[in-house]
Amino acid sequence: MTQQGVRWTADQVLALAPDAASRKAGSKLGAAGPWSEAGSSDEGTVWGLCKGSGSRPYQTVIDIADTAGPAYKCSCPSRKFPCKHALGLLLLWAGEDGAVPSGQAPGWAEEWLAGRRKRTEEKRAAGASGSPAAADPEAARRRAERRAERISAGAGELEQRLTDLLRTGLASAEQAGYGLWEETAARMVDAQAPGLAARARELGAIPSSGPGWPVRLLEECALLHLLDQAWLRRERLPDDLAATVRSRVGLPAAPDGPPLRDHWLVLAQYDTTDPKLTTRRIWLYGTASGRTSLVLSYGAGGRAPELALPMGLALDAEVSAFPGAGQLRASLGEQFAAPSPTTERPQGVTTAQAAVHYGEALRNDPWLDSVPVTLDRVVPTPDGGSWQLADAGADLALPLTPTARSRPGLWRLVALSGGAPVKVFGELGHRGFTPLTAWPEGAGEPVSLC
C-alpha cells in the first residue's frame with residue numbers, strides 16, 4: 001500500500017474510534033491548527049506534534065501499514081486506543097493533500113516504529129521455529145469428558161426448569177422476576193456451559209420487554225429446549241451439526257478449515273459492549289470466492305479490541321473457517337499486504353433471494369440470529385410507523401429491525417438514497433433487516449450505517 005498515493009475517508013478513520021466521545025474529540029483535532037511538524041512516509045507512517053494543555057506537545061505516531069490494522073503511539077495519558085490525538089492526526093492525513101507532507105520521520109517516531117517491527121519479526125520467527133510441545137492428549141481427553149458430563153448435568157437441570165415453567169404457565173415467569181433465571185444462568189456457568197447461561201439470562205428479560213412477551217418467551221424456550229436436546233443427543237447428529245451444537249453451548253473451538261486466500265472487502269465493522277468485554281465484529285467478502293466471513297476480536301476492561309479494519313478497505317489475506325454447519329466465523333491468517341481503500345463492491349441479491357437464504361441458513365443452525373446479506377437496488381421507504389427496504393420496481397420488501405430504526409444510520413441511508421435505489425449490506429434475521437453499510441447507485445464512496 002502506497003500511503004501517500006491512497007487516502008482514507010473520514011468515515012474510515014472515525015470507524016476506528018473506541019467510542020462516541022473519542023469520535024467527537026478526534027474530529028475537533030482533525031484540522032491543522034493544533035498540529036506542528038506533521039509528516040508521513042510512503043512506507044505507511046504518519047507522525048505529528050499536537051499542542052495540549054501542558055508546555056510540551058504530545059508526540060503522536062501511527063503505523064498505517066501494519067497488516068492487523070493501524071498501530072498507535074501517543075505520549076498523552078489517555079488509555080483509549082486510538083486516542084483523540086491519533087484520530088485527529090489520521091483525519092488531518094486523510095484530508096486535503098499537503099496538510100501532512102511527505103518526509104523523513106523524526107527520531108522519536110523512528111525509534112518506536114523500529115522497536116515495533118522488531119518485535120513483530122521476533123514473533124514471526126518464534127512461530128516459524130515450531131510450537132511448544134503438545135499437551136498430553138490423554139489428559140486433554142479426560143478433561144473434555146469431565147466437562148461434557150458437567151454440561152449434560154446442567155442441560156438436564158435446565159430442561160427441568162423449562163418443564164416447570166410450562167406446567168405452571170408463562171404468567172409465572174412474570175411473577176418470579178429476573179432472579180429465577182439469573183440463578184439458573186449461574187448454575188449453567190457452574191456446569192461450564194456459558195452458551196446455555198447466556199440464553200437463560202435472556203429468558204429473564206423477556207417478561208418485561210413489552211406487549212407480546214408471552215409469544216417471545218415461548219419461542220425462546222423452544223429454542224433452548226432444542227439446544228438442550230441436541231446436546232444430550234449429539235452423538236446421533238451429523239458431524240457439522242454436532243460442531244454447531246458444541247459451539248452454541250459454549251465449548252471453545254479452533255478454526256479447522258483450510259486457509260482460503262482471497263481479496264477480501266471489509267463490508268462492516270462494529271462493536272458491542274458489556275461491563276466486562278467489548279466484541280468487535282468485522283464482516284469480510286471474498287471477491288473471488290464470493291464467501292462472506294465474520295472475524296471476531298475482543299477487548300477486556302473497556303479497552304477497544306486490537307484488530308481494526310474499517311469499512312471500505314480491502315486486504316489480500318488468508319482466512320480459516322471455524323467448524324460447524326453453515327458457520328461463517330473465520331480466523332484471519334496471513335496477510336500479504338496492508339489494508340488499502342477500494343472501490344470494489346460485493347455482489348447483491350433481491351429481497352426475495354435474501355429471505356430464502358435466511359431460511360436455508362436456519363436449516364443448518366436453528367439458533368442463528370441473523371445472516372449477512374447484500375441487497376441490490378433497494379429503496380428505503382416508510383411503512384406506517386416503521387421503515388422497510390423495497391426492491392426497486394417490485395412489490396417485495398424487508399422490514400427494518402427496531403434497532404435499525406433507532407440508529408442515526410437510518411437517516412444517513414435515507415439521505416444517501418433520496419428515493420433512488422442503493423446497494424445495502426446488513427444482517428437479516430427474524431425481526432427484520434439491520435443495514436450496516438450502503439453504496440449509492442453508480443460510483444461513490446460507501447457509507448457506514450453502524
# chains A, B, ... in the order shown; residues from 1 in each chain; ligands from 1
$ residues_around --residues "Ala443 of chain A" --least-positions-apart "5" --cutoff "12 Å" --atoms "only C-alpha atoms" --output "PyMOL selection string"
chain A and resi 342-345+422-423
$ residues_around --residues "Tyr72 of chain A" --least-positions-apart "6" --cutoff "10 Å" --atoms "only C-alpha atoms" --output "PyMOL selection string"
chain A and resi 46-47+60-64+81-83+85-87+112-113
$ write_last_selection --atoms "C-alpha atoms" --output "mmCIF file, in the first residue's frame"
data_model
loop_
_atom_site.group_PDB
_atom_site.id
_atom_site.type_symbol
_atom_site.label_atom_id
_atom_site.label_comp_id
_atom_site.auth_asym_id
_atom_site.auth_seq_id
_atom_site.Cartn_x
_atom_site.Cartn_y
_atom_site.Cartn_z
ATOM 1 C CA VAL A 46 2.222 9.275 9.959
ATOM 2 C CA TRP A 47 3.533 11.471 12.786
ATOM 3 C CA THR A 60 1.777 11.029 18.061
ATOM 4 C CA VAL A 61 2.835 8.391 15.554
ATOM 5 C CA ILE A 62 0.765 5.851 13.593
ATOM 6 C CA ASP A 63 1.833 2.799 11.620
ATOM 7 C CA ILE A 64 -0.845 2.516 8.937
ATOM 8 C CA PHE A 81 -6.749 3.243 21.627
ATOM 9 C CA PRO A 82 -6.712 5.082 19.380
ATOM 10 C CA CYS A 83 -6.721 8.272 21.452
ATOM 11 C CA HIS A 85 -4.818 12.754 19.015
ATOM 12 C CA ALA A 86 -4.265 9.687 16.818
ATOM 13 C CA LEU A 87 -7.758 10.088 15.349
ATOM 14 C CA TRP A 112 9.042 3.434 18.164
ATOM 15 C CA LEU A 113 8.492 2.098 14.649
#
$ closest_residue --among "A:Lys118, A:Lys73, A:Arg246, A:Arg143" --to "Phe322 of chain A" --atoms "only C-alpha atoms"
A:Arg246
$ atom_distance --atom1 "atom CA of Gly54 of chain A" --atom2 "atom CA of Glu37 of chain A"
17.6 Å
$ closest_residue --among "A:Leu16, A:Leu165, A:Val100, A:Leu375" --to "Gln347 of chain A" --atoms "only C-alpha atoms"
A:Leu375
$ select_by_dssp --residues "segment 19-102 of chain A" --states "alpha helix (DSSP H)" --output "PDB file with N, CA and C atoms, in the first residue's frame"
ATOM      1  N   ALA A  20     -18.128   7.123  21.138  1.00  0.00           N
ATOM      2  CA  ALA A  20     -18.641   8.352  20.537  1.00  0.00           C
ATOM      3  C   ALA A  20     -17.872   9.581  21.018  1.00  0.00           C
ATOM      4  N   ALA A  21     -17.469   9.573  22.294  1.00  0.00           N
ATOM      5  CA  ALA A  21     -16.723  10.718  22.827  1.00  0.00           C
ATOM      6  C   ALA A  21     -15.387  10.882  22.102  1.00  0.00           C
ATOM      7  N   SER A  22     -14.734   9.774  21.800  1.00  0.00           N
ATOM      8  CA  SER A  22     -13.464   9.844  21.078  1.00  0.00           C
ATOM      9  C   SER A  22     -13.665  10.344  19.654  1.00  0.00           C
ATOM     10  N   ARG A  23     -14.762   9.918  19.020  1.00  0.00           N
ATOM     11  CA  ARG A  23     -15.047  10.407  17.664  1.00  0.00           C
ATOM     12  C   ARG A  23     -15.225  11.920  17.660  1.00  0.00           C
ATOM     13  N   LYS A  24     -15.959  12.431  18.649  1.00  0.00           N
ATOM     14  CA  LYS A  24     -16.211  13.867  18.713  1.00  0.00           C
ATOM     15  C   LYS A  24     -14.924  14.637  18.984  1.00  0.00           C
ATOM     16  N   ALA A  25     -14.134  14.146  19.956  1.00  0.00           N
ATOM     17  CA  ALA A  25     -12.893  14.843  20.305  1.00  0.00           C
ATOM     18  C   ALA A  25     -11.878  14.747  19.173  1.00  0.00           C
ATOM     19  N   GLY A  26     -11.796  13.568  18.525  1.00  0.00           N
ATOM     20  CA  GLY A  26     -10.866  13.416  17.417  1.00  0.00           C
ATOM     21  C   GLY A  26     -11.212  14.297  16.238  1.00  0.00           C
ATOM     22  N   SER A  27     -12.517  14.470  15.978  1.00  0.00           N
ATOM     23  CA  SER A  27     -12.945  15.323  14.870  1.00  0.00           C
ATOM     24  C   SER A  27     -12.482  16.760  15.064  1.00  0.00           C
ATOM     25  N   LYS A  28     -12.474  17.235  16.316  1.00  0.00           N
ATOM     26  CA  LYS A  28     -12.032  18.608  16.594  1.00  0.00           C
ATOM     27  C   LYS A  28     -10.539  18.785  16.333  1.00  0.00           C
ATOM     28  N   LYS A  84      -7.699  10.452  21.029  1.00  0.00           N
ATOM     29  CA  LYS A  84      -8.239  11.516  20.181  1.00  0.00           C
ATOM     30  C   LYS A  84      -7.152  12.154  19.309  1.00  0.00           C
ATOM     31  N   HIS A  85      -5.903  12.152  19.802  1.00  0.00           N
ATOM     32  CA  HIS A  85      -4.818  12.754  19.015  1.00  0.00           C
ATOM     33  C   HIS A  85      -4.504  11.899  17.789  1.00  0.00           C
ATOM     34  N   ALA A  86      -4.500  10.571  17.967  1.00  0.00           N
ATOM     35  CA  ALA A  86      -4.265   9.687  16.818  1.00  0.00           C
ATOM     36  C   ALA A  86      -5.388   9.817  15.793  1.00  0.00           C
ATOM     37  N   LEU A  87      -6.637   9.909  16.276  1.00  0.00           N
ATOM     38  CA  LEU A  87      -7.758  10.088  15.349  1.00  0.00           C
ATOM     39  C   LEU A  87      -7.642  11.415  14.608  1.00  0.00           C
ATOM     40  N   GLY A  88      -7.303  12.470  15.343  1.00  0.00           N
ATOM     41  CA  GLY A  88      -7.162  13.781  14.710  1.00  0.00           C
ATOM     42  C   GLY A  88      -6.062  13.802  13.670  1.00  0.00           C
ATOM     43  N   LEU A  89      -4.934  13.155  13.975  1.00  0.00           N
ATOM     44  CA  LEU A  89      -3.829  13.124  13.022  1.00  0.00           C
ATOM     45  C   LEU A  89      -4.219  12.334  11.772  1.00  0.00           C
ATOM     46  N   LEU A  90      -4.936  11.228  11.937  1.00  0.00           N
ATOM     47  CA  LEU A  90      -5.386  10.458  10.781  1.00  0.00           C
ATOM     48  C   LEU A  90      -6.379  11.252   9.929  1.00  0.00           C
ATOM     49  N   LEU A  91      -7.268  11.999  10.596  1.00  0.00           N
ATOM     50  CA  LEU A  91      -8.204  12.836   9.850  1.00  0.00           C
ATOM     51  C   LEU A  91      -7.472  13.920   9.063  1.00  0.00           C
ATOM     52  N   LEU A  92      -6.447  14.490   9.689  1.00  0.00           N
ATOM     53  CA  LEU A  92      -5.646  15.504   9.004  1.00  0.00           C
ATOM     54  C   LEU A  92      -4.946  14.889   7.791  1.00  0.00           C
ATOM     55  N   TRP A  93      -4.377  13.677   7.976  1.00  0.00           N
ATOM     56  CA  TRP A  93      -3.692  12.980   6.878  1.00  0.00           C
ATOM     57  C   TRP A  93      -4.665  12.597   5.764  1.00  0.00           C
ATOM     58  N   ALA A  94      -5.901  12.226   6.137  1.00  0.00           N
ATOM     59  CA  ALA A  94      -6.883  11.799   5.140  1.00  0.00           C
ATOM     60  C   ALA A  94      -7.534  12.973   4.420  1.00  0.00           C
TER      61      ALA A  94
END
$ residues_around --residues "Ser40 of chain A" --least-positions-apart "3" --cutoff "8 Å" --atoms "only C-alpha atoms" --output "short mmCIF file (atom, residue, chain, number, x, y, z; two decimals) with C-alpha atoms, in the first residue's frame"
data_model
loop_
_atom_site.label_atom_id
_atom_site.label_comp_id
_atom_site.auth_asym_id
_atom_site.auth_seq_id
_atom_site.Cartn_x
_atom_site.Cartn_y
_atom_site.Cartn_z
CA GLN A 4 0.89 8.82 0.02
CA GLY A 44 2.92 3.94 5.87
CA THR A 45 3.95 6.06 8.87
CA VAL A 46 2.22 9.27 9.96
CA TRP A 47 3.53 11.47 12.79
CA VAL A 100 0.58 16.18 6.04
CA PRO A 101 3.57 16.37 3.68
CA SER A 102 5.89 13.53 2.81
CA GLY A 103 9.16 13.49 4.68
CA GLN A 104 11.62 11.73 6.96
CA ALA A 105 10.24 10.59 10.32
#
$ atom_distance --atom1 "atom CA of Arg291 of chain A" --atom2 "atom CA of Val356 of chain A"
17.0 Å
$ residues_around --residues "Leu166 of chain A" --least-positions-apart "4" --cutoff "12 Å" --atoms "only C-alpha atoms" --output "ChimeraX atom specification"
/A:159-162,170-173,214,217-218,221-222,225
$ write_last_selection --atoms "N, CA and C atoms" --output "JSON list (two decimals), in the first residue's frame"
[["chain", "number", "residue", "atom", "x", "y", "z"],
["A", 159, "GLU", "N", -33.59, -28.38, 31.51],
["A", 159, "GLU", "CA", -34.81, -28.99, 30.97],
["A", 159, "GLU", "C", -35.90, -29.05, 32.04],
["A", 160, "GLN", "N", -35.50, -29.36, 33.28],
["A", 160, "GLN", "CA", -36.49, -29.41, 34.36],
["A", 160, "GLN", "C", -37.07, -28.03, 34.64],
["A", 161, "ARG", "N", -36.24, -26.98, 34.57],
["A", 161, "ARG", "CA", -36.74, -25.61, 34.77],
["A", 161, "ARG", "C", -37.74, -25.24, 33.68],
["A", 162, "LEU", "N", -37.46, -25.60, 32.45],
["A", 162, "LEU", "CA", -38.38, -25.29, 31.37],
["A", 162, "LEU", "C", -39.69, -26.07, 31.52],
["A", 170, "LEU", "N", -46.95, -19.56, 31.63],
["A", 170, "LEU", "CA", -45.98, -18.49, 31.34],
["A", 170, "LEU", "C", -46.15, -17.29, 32.24],
["A", 171, "ALA", "N", -47.36, -17.08, 32.77],
["A", 171, "ALA", "CA", -47.57, -15.93, 33.66],
["A", 171, "ALA", "C", -46.70, -16.02, 34.90],
["A", 172, "SER", "N", -46.32, -17.24, 35.29],
["A", 172, "SER", "CA", -45.48, -17.39, 36.48],
["A", 172, "SER", "C", -44.10, -16.79, 36.27],
["A", 173, "ALA", "N", -43.65, -16.70, 35.02],
["A", 173, "ALA", "CA", -42.34, -16.10, 34.74],
["A", 173, "ALA", "C", -42.33, -14.63, 35.09],
["A", 214, "PRO", "N", -45.35, -13.03, 26.01],
["A", 214, "PRO", "CA", -45.53, -14.49, 26.17],
["A", 214, "PRO", "C", -45.15, -15.28, 24.91],
["A", 217, "LEU", "N", -41.38, -15.34, 24.73],
["A", 217, "LEU", "CA", -40.84, -16.24, 25.75],
["A", 217, "LEU", "C", -40.99, -17.70, 25.32],
["A", 218, "LEU", "N", -42.15, -18.04, 24.77],
["A", 218, "LEU", "CA", -42.37, -19.41, 24.33],
["A", 218, "LEU", "C", -41.42, -19.78, 23.19],
["A", 221, "CYS", "N", -37.96, -20.31, 24.72],
["A", 221, "CYS", "CA", -37.95, -21.56, 25.49],
["A", 221, "CYS", "C", -37.83, -22.76, 24.55],
["A", 222, "ALA", "N", -38.54, -22.70, 23.42],
["A", 222, "ALA", "CA", -38.49, -23.79, 22.45],
["A", 222, "ALA", "C", -37.08, -23.95, 21.87],
["A", 225, "HIS", "N", -34.86, -25.42, 24.57],
["A", 225, "HIS", "CA", -35.17, -26.85, 24.70],
["A", 225, "HIS", "C", -34.52, -27.64, 23.55]]
$ atom_distance --atom1 "atom CA of Asp190 of chain A" --atom2 "atom CA of Ala153 of chain A"
10.4 Å
$ select_by_dssp --residues "segment 55-232 of chain A" --states "strand (DSSP E)" --output "count of residues only"
10
